[in-house]
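*Asks:* So here's protein01.cif, just mmCIF, C-alpha atoms and all ligand atoms:
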```
data_model
#
loop_
_atom_site.label_atom_id
_atom_site.label_comp_id
_atom_site.auth_asym_id
_atom_site.auth_seq_id
_atom_site.Cartn_x
_atom_site.Cartn_y
_atom_site.Cartn_z
CA MET A 1 171.65 70.90 43.94
CA ARG A 2 170.46 74.21 45.33
CA ILE A 3 166.67 74.23 45.75
CA GLY A 4 164.28 77.17 46.06
CA VAL A 5 160.85 76.42 47.52
CA LEU A 6 157.82 78.54 46.56
CA VAL A 7 154.98 78.68 49.08
CA SER A 8 151.73 80.53 49.69
CA GLY A 9 150.28 79.07 52.88
CA THR A 10 150.71 76.79 55.82
CA GLY A 11 153.83 75.06 54.61
CA THR A 12 153.40 71.51 55.90
CA ASN A 13 155.08 70.21 52.74
CA LEU A 14 157.91 72.67 53.27
CA GLN A 15 158.15 71.31 56.83
CA ALA A 16 158.50 67.78 55.47
CA LEU A 17 161.41 68.99 53.32
CA LEU A 18 163.00 70.88 56.23
CA ASP A 19 162.68 67.82 58.46
CA ALA A 20 164.23 65.59 55.79
CA GLN A 21 167.08 68.06 55.40
CA ALA A 22 167.66 68.12 59.18
CA ALA A 23 167.72 64.33 59.19
CA GLY A 24 170.30 64.27 56.39
CA ALA A 25 167.84 62.60 54.03
CA LEU A 26 167.66 65.32 51.36
CA ALA A 27 171.27 65.54 50.21
CA PRO A 28 172.53 66.24 47.61
CA ALA A 29 169.55 68.61 47.57
CA GLU A 30 170.00 71.72 49.70
CA LEU A 31 167.12 74.09 50.54
CA VAL A 32 168.62 77.54 49.99
CA VAL A 33 165.61 79.86 49.95
CA VAL A 34 161.87 79.84 50.65
CA ILE A 35 159.92 82.42 48.66
CA ALA A 36 156.31 83.35 49.46
CA ASN A 37 153.94 85.42 47.38
CA VAL A 38 151.93 86.12 50.54
CA PRO A 39 153.82 88.29 53.05
CA ASP A 40 152.37 86.63 56.17
CA ALA A 41 152.42 83.02 54.93
CA PRO A 42 153.02 80.77 57.98
CA ALA A 43 155.44 78.77 55.84
CA LEU A 44 157.93 81.64 56.15
CA ASP A 45 158.16 81.09 59.93
CA ARG A 46 158.94 77.42 59.37
CA ALA A 47 161.84 78.41 57.09
CA ARG A 48 163.13 80.99 59.58
CA ARG A 49 163.00 78.50 62.44
CA ALA A 50 165.07 76.11 60.34
CA GLY A 51 167.58 78.82 59.43
CA VAL A 52 166.72 78.86 55.72
CA ALA A 53 166.69 82.24 53.92
CA THR A 54 163.29 83.73 53.07
CA GLU A 55 162.04 86.20 50.50
CA VAL A 56 158.62 87.69 49.82
CA VAL A 57 157.64 88.40 46.21
CA ASP A 58 154.12 89.79 46.46
CA HIS A 59 152.02 89.13 43.36
CA ARG A 60 149.67 91.99 44.20
CA GLY A 61 150.22 95.14 42.20
CA ARG A 62 152.46 93.39 39.69
CA ALA A 63 151.61 92.18 36.19
CA ARG A 64 152.13 88.44 35.81
CA ALA A 65 155.32 88.80 33.73
CA ALA A 66 156.83 91.24 36.24
CA PHE A 67 155.88 88.93 39.12
CA GLU A 68 157.57 85.99 37.41
CA ASP A 69 160.67 88.07 36.65
CA ALA A 70 160.87 89.04 40.32
CA LEU A 71 160.52 85.38 41.36
CA ALA A 72 163.31 84.35 38.99
CA GLU A 73 165.51 87.20 40.27
CA ALA A 74 164.97 86.11 43.88
CA LEU A 75 165.83 82.51 42.97
CA ALA A 76 168.92 83.68 41.10
CA ARG A 77 170.09 85.78 44.07
CA HIS A 78 170.23 82.55 46.06
CA ARG A 79 171.69 80.63 43.11
CA ALA A 80 168.79 78.15 43.14
CA GLU A 81 169.12 75.53 40.42
CA ALA A 82 165.73 73.87 40.87
CA VAL A 83 162.34 74.86 42.25
CA VAL A 84 159.78 73.05 44.41
CA LEU A 85 156.21 74.34 44.47
CA ALA A 86 154.95 73.42 47.94
CA GLY A 87 151.44 74.80 48.18
CA PHE A 88 152.22 77.69 45.83
CA MET A 89 148.89 79.08 44.67
CA ARG A 90 149.85 81.11 41.58
CA ILE A 91 149.82 79.79 38.04
CA LEU A 92 153.22 80.03 36.36
CA THR A 93 153.44 80.73 32.64
CA ALA A 94 155.93 79.47 30.05
CA GLY A 95 157.89 82.68 30.63
CA PHE A 96 158.91 81.31 34.04
CA VAL A 97 158.68 77.56 33.55
CA ASP A 98 160.94 77.51 30.48
CA ARG A 99 163.80 78.91 32.57
CA TYR A 100 163.95 75.65 34.57
CA PRO A 101 163.33 72.75 32.18
CA GLN A 102 162.55 69.61 34.23
CA ARG A 103 163.75 71.50 37.26
CA ILE A 104 160.40 72.46 38.78
CA VAL A 105 158.27 69.99 40.73
CA ASN A 106 154.80 70.45 42.19
CA THR A 107 152.74 68.43 44.61
CA HIS A 108 149.01 68.22 43.94
CA PRO A 109 146.41 66.57 46.20
CA SER A 110 144.69 64.33 43.64
CA LEU A 111 145.49 61.42 41.40
CA LEU A 112 146.10 63.47 38.25
CA PRO A 113 144.83 63.79 35.59
CA ALA A 114 141.69 63.67 37.75
CA PHE A 115 140.80 66.88 39.57
CA PRO A 116 143.39 69.47 38.56
CA GLY A 117 143.10 73.00 39.90
CA ARG A 118 141.86 74.23 43.22
CA ASP A 119 140.17 72.27 46.02
CA ALA A 120 141.06 68.88 44.59
CA PRO A 121 139.98 66.87 47.68
CA ALA A 122 136.55 68.57 47.57
CA GLN A 123 136.32 67.86 43.83
CA ALA A 124 137.10 64.18 44.49
CA LEU A 125 134.43 63.94 47.20
CA ALA A 126 131.84 65.68 45.02
CA TYR A 127 132.55 63.22 42.21
CA GLY A 128 132.19 60.23 44.52
CA VAL A 129 135.52 58.52 43.84
CA LYS A 130 136.65 55.78 46.23
CA LEU A 131 140.37 56.42 45.78
CA ALA A 132 142.03 59.80 46.10
CA GLY A 133 145.70 60.59 46.48
CA VAL A 134 148.66 62.76 45.67
CA THR A 135 150.64 63.40 42.51
CA ILE A 136 154.13 64.84 42.36
CA HIS A 137 154.91 66.04 38.86
CA PHE A 138 157.22 68.15 36.76
CA VAL A 139 155.77 71.55 36.04
CA ASP A 140 155.19 72.72 32.50
CA ALA A 141 153.04 75.58 31.30
CA THR A 142 149.80 73.58 31.71
CA VAL A 143 147.90 73.63 35.01
CA ASP A 144 148.77 70.44 36.93
CA GLY A 145 149.53 68.75 33.59
CA GLY A 146 153.28 68.06 33.53
CA PRO A 147 154.88 64.58 33.49
CA ILE A 148 154.06 62.52 36.59
CA ILE A 149 156.99 61.58 38.83
CA ALA A 150 155.24 59.81 41.73
CA GLN A 151 151.74 59.07 42.98
CA ALA A 152 150.22 57.51 46.08
CA ALA A 153 146.58 56.57 46.58
CA VAL A 154 144.51 56.85 49.75
CA ALA A 155 141.04 55.47 50.37
CA VAL A 156 138.06 57.78 50.60
CA GLU A 157 136.20 56.82 53.76
CA ASP A 158 132.51 57.09 54.58
CA GLY A 159 131.87 60.38 56.30
CA ASP A 160 134.99 62.10 54.93
CA ASP A 161 134.80 65.82 54.47
CA ALA A 162 137.34 67.68 52.36
CA ARG A 163 139.48 68.49 55.38
CA ALA A 164 139.69 64.88 56.60
CA LEU A 165 140.44 63.59 53.12
CA HIS A 166 143.06 66.28 52.52
CA ALA A 167 144.74 65.41 55.85
CA ARG A 168 144.99 61.74 54.80
CA ILE A 169 146.38 62.77 51.39
CA GLN A 170 148.91 65.08 53.04
CA ARG A 171 150.43 62.26 55.07
CA GLU A 172 151.32 60.64 51.76
CA GLU A 173 152.59 63.82 50.12
CA HIS A 174 154.80 64.59 53.11
CA ARG A 175 156.33 61.13 52.69
CA LEU A 176 156.77 61.32 48.90
CA LEU A 177 157.91 64.89 48.29
CA PRO A 178 161.30 64.63 50.07
CA ILE A 179 162.03 61.38 48.22
CA VAL A 180 161.33 63.05 44.87
CA VAL A 181 163.43 66.12 45.70
CA GLN A 182 166.35 63.96 46.80
CA ARG A 183 166.14 61.93 43.59
CA LEU A 184 165.90 65.05 41.43
CA ALA A 185 169.08 66.40 43.01
CA ALA A 186 170.83 63.04 42.74
CA GLY A 187 170.07 62.87 39.00
CA ARG A 188 167.82 59.85 39.50
CA LEU A 189 164.81 61.23 37.62
CA SER A 190 164.84 60.91 33.86
CA CYS A 191 162.05 62.18 31.67
CA GLN A 192 161.22 61.14 28.12
CA GLY A 193 158.09 62.81 26.87
CA ARG A 194 155.47 62.14 29.53
CA HIS A 195 157.34 59.18 31.00
CA VAL A 196 159.46 59.68 34.09
CA ARG A 197 161.78 57.07 35.51
CA SER A 198 162.56 57.49 39.19
CA ARG A 199 165.40 55.34 40.46
CA ALA A 200 166.08 54.61 44.13
CA GLU A 201 169.80 54.19 43.38
C1 LIG B 301 149.11 70.66 49.53
O1 LIG B 301 148.13 69.70 49.81
C2 LIG B 301 149.50 70.64 48.08
O2 LIG B 301 149.28 69.42 47.45
C3 LIG B 301 148.64 71.70 47.46
O3 LIG B 301 148.50 72.68 48.45
C4 LIG B 301 148.63 72.08 49.74
C5 LIG B 301 149.62 72.92 50.49
O4 LIG B 301 149.73 72.55 51.83
N1 LIG B 301 149.25 72.18 46.23
P1 LIG B 301 150.94 73.07 52.72
O5 LIG B 301 151.02 74.60 52.58
O6 LIG B 301 152.20 72.41 52.23
O7 LIG B 301 150.59 72.67 54.11
#
```
Can you present the structure in this file as structure tokens?
Ligand code: GRF
*Replies:*
Amino acid sequence: MRIGVLVSGTGTNLQALLDAQAAGALAPAELVVVIANVPDAPALDRARRAGVATEVVDHRGRARAAFEDALAEALARHRAEAVVLAGFMRILTAGFVDRYPQRIVNTHPSLLPAFPGRDAPAQALAYGVKLAGVTIHFVDATVDGGPIIAQAAVAVEDGDDARALHARIQREEHRLLPIVVQRLAAGRLSCQGRHVRSRAE
């Protein structure tokens, strides 16, 4: 399954996917293009170093529908069949999401449905929860609201700031995301309503 990855920033989740691919652990998923909406996103350099094609689709100066059309065109140019949002910081509307039913996954640094949206680790700290974590989910037209594929919890520790907590969460998301992408490509995820089955074999 040909996978396009959408990024906006640092790209540590992209790196986890690239490393899994290099280790032969992602097949039958194949990363075919990395698309950034930010021209100087460091994630693009990670893709280039790994020899994966890159594209920039700048959201600035484009209406949302035109931006999403341009994203879909870039994905189509590389014949991507599924999409991974790996730190992609733009909201996608039904106009885009409906083109890839159960073929878009996102990773979010909280135990959804708690703390959707931006700065989830800071939201978790402000609330005072003792467990935080990561959620990998299918993307629908709601913000961080699609069916949950996988979650992992991490403890909030005394003295954590948002950066320390996020770093602990990211270790778990870097572990889980390649597993989910491999299973998606292998046809091992099945979704009925909100309920996703994820089979190791
Ligand atoms: C990740 O923690 C992800 O959950 C969130 O944005 C962050 C992106 O980090 N959506 P990176 O660019 O993959 O390093």
*Asks:* For Gln123 in chain A, list every protein, DNA or RNA residue within 10 Å, evaluated using all atoms listed in the file, and leave out those in the same chain fewer than 5 positions away; present the list as an NGL selection string.
*Replies:* :A and (110 or 114-118 or 128-129 or 162)
*Asks:* Produce a file of the selected residues containing C-alpha atoms, as a compact mmCIF listing (two decimals), keeping the file's coordinate frame.
*Replies:*
```txt
# COMPACT_ATOMS: atom_id res chain seq x y z
CA SER A 110 144.69 64.33 43.64
CA ALA A 114 141.69 63.67 37.75
CA PHE A 115 140.80 66.88 39.57
CA PRO A 116 143.39 69.47 38.56
CA GLY A 117 143.10 73.00 39.90
CA ARG A 118 141.86 74.23 43.22
CA GLY A 128 132.19 60.23 44.52
CA VAL A 129 135.52 58.52 43.84
CA ALA A 162 137.34 67.68 52.36
```
*Asks:* Can I get the residues close to ligand LIG 301 (chain B) as a PyMOL selection string, where close means within 8 Å and we count all atoms listed in the file?
*Replies:* chain A and resi 7-15+43+85-89+106-110+134-135+166+169-170+173
*Asks:* Residues at most 9 Å from Glu172 in chain A, counting only C-alpha atoms, excluding those fewer than 5 positions away in the same chain, as a PDB file with C-alpha atoms, in the coordinates of the input?
*Replies:*
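Dumped everything to part-v1.pdb:
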```pdb
ATOM      1  CA  GLY A 133     145.700  60.590  46.480  1.00  0.00           C
ATOM      2  CA  VAL A 134     148.660  62.760  45.670  1.00  0.00           C
ATOM      3  CA  GLN A 151     151.740  59.070  42.980  1.00  0.00           C
ATOM      4  CA  ALA A 152     150.220  57.510  46.080  1.00  0.00           C
ATOM      5  CA  ALA A 153     146.580  56.570  46.580  1.00  0.00           C
ATOM      6  CA  VAL A 154     144.510  56.850  49.750  1.00  0.00           C
ATOM      7  CA  LEU A 177     157.910  64.890  48.290  1.00  0.00           C
TER       8      LEU A 177
END
```
*Asks:* Skip range 22-35 of chain A itself and residues of its chain fewer than 4 positions away, then list as a ChimeraX atom specification all residues within 6 Å of it, counting all atoms listed in the file.
*Replies:* /A:1-6,52-56,182,185
*Asks:* Using all atoms listed in the file, which residue out of A:Leu111, A:Ala50, A:Leu189, A:Val97 lies closest to Ala72 in chain A?
*Replies:*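 Result for the nearest residue to Ala72 in chain A: A:Val97.
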*Asks:* Rank nothing, just name the residue among A:Ala76, A:Leu125, A:Cys191, A:Leu165 nearest to Ile148 in chain A, using only C-alpha atoms.
*Replies:* A:Cys191
*Asks:* Using only C-alpha atoms, which of the listed residues (A:Pro147, A:Phe96, A:Arg175, A:Val181) sits closest to Gly193 in chain A?
*Replies:*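 Selected residue with least distance to Gly193 in chain A: A:Pro147.
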*Asks:* Figure out the distance between CA of Val105 in chain A and CA of Val84 in chain A, please, to one decimal in Å.
*Replies:*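 Taking CA of Val84 in chain A as the start and CA of Val105 in chain A as the end point, the length is 5.0 Å.
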*Asks:* Have a look at A:Ile179, A:Ala186, A:Ala20, A:Ala132 and name the one nearest to Ala167 in chain A; count all atoms listed in the file.
*Replies:*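 Going through A:Ile179, A:Ala186, A:Ala20, A:Ala132 one by one, the smallest distance to Ala167 in chain A is for A:Ala132.
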*Asks:* Which one is closest to Arg197 in chain A: A:His137, A:Leu176, A:Asp160, A:Ala120? Count only C-alpha atoms.
*Replies:* A:His137
*Asks:* Env of Arg103 in chain A: 8 Å cut, atoms = all atoms listed in the file, seq-sep filter 3 positions within chain, self excluded. Answer as a ChimeraX atom specification.
*Replies:* /A:81-83,100,138,184
*Asks:* Determine, counting all atoms listed in the file, which protein, DNA and RNA residues have an atom within 9 Å of an atom of Gly95 in chain A; residues of the same chain fewer than 5 positions away are not included. Present the result as a list in words.
*Replies:*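 Close residues of Gly95 in chain A: Ala65, Glu68, Asp69 and Ala141 of chain A.
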*Asks:* Expressed in Å to a single decimal, how great is the separation between CA of Leu75 in chain A and CA of Ala41 in chain A?
*Replies:*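 About the pair CA of Leu75 in chain A and CA of Ala41 in chain A: they are 18.0 Å apart.
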*Asks:* Which residue is closest to Asp58 in chain A? Choose from A:Ala150, A:Ala94, A:Leu71, A:Val143 and count all atoms listed in the file.
*Replies:* A:Leu71
*Asks:* Please enclose the listed atoms of range 146-153 of chain A in an axis-aligned box, pad each side by 4 Å, and write out the centre and the three edge lengths in Å, rounded to one decimal, as JSON.
*Replies:*
```
{"center_x": 151.8, "center_y": 62.3, "center_z": 40.0, "size_x": 18.4, "size_y": 19.5, "size_z": 21.1}
```
*Asks:* Mind pulling up the distance from CA of Arg90 in chain A to CA of Gly187 in chain A?
*Replies:*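 Calculated distance between CA of Gly187 in chain A and CA of Arg90 in chain A is 27.4 Å.
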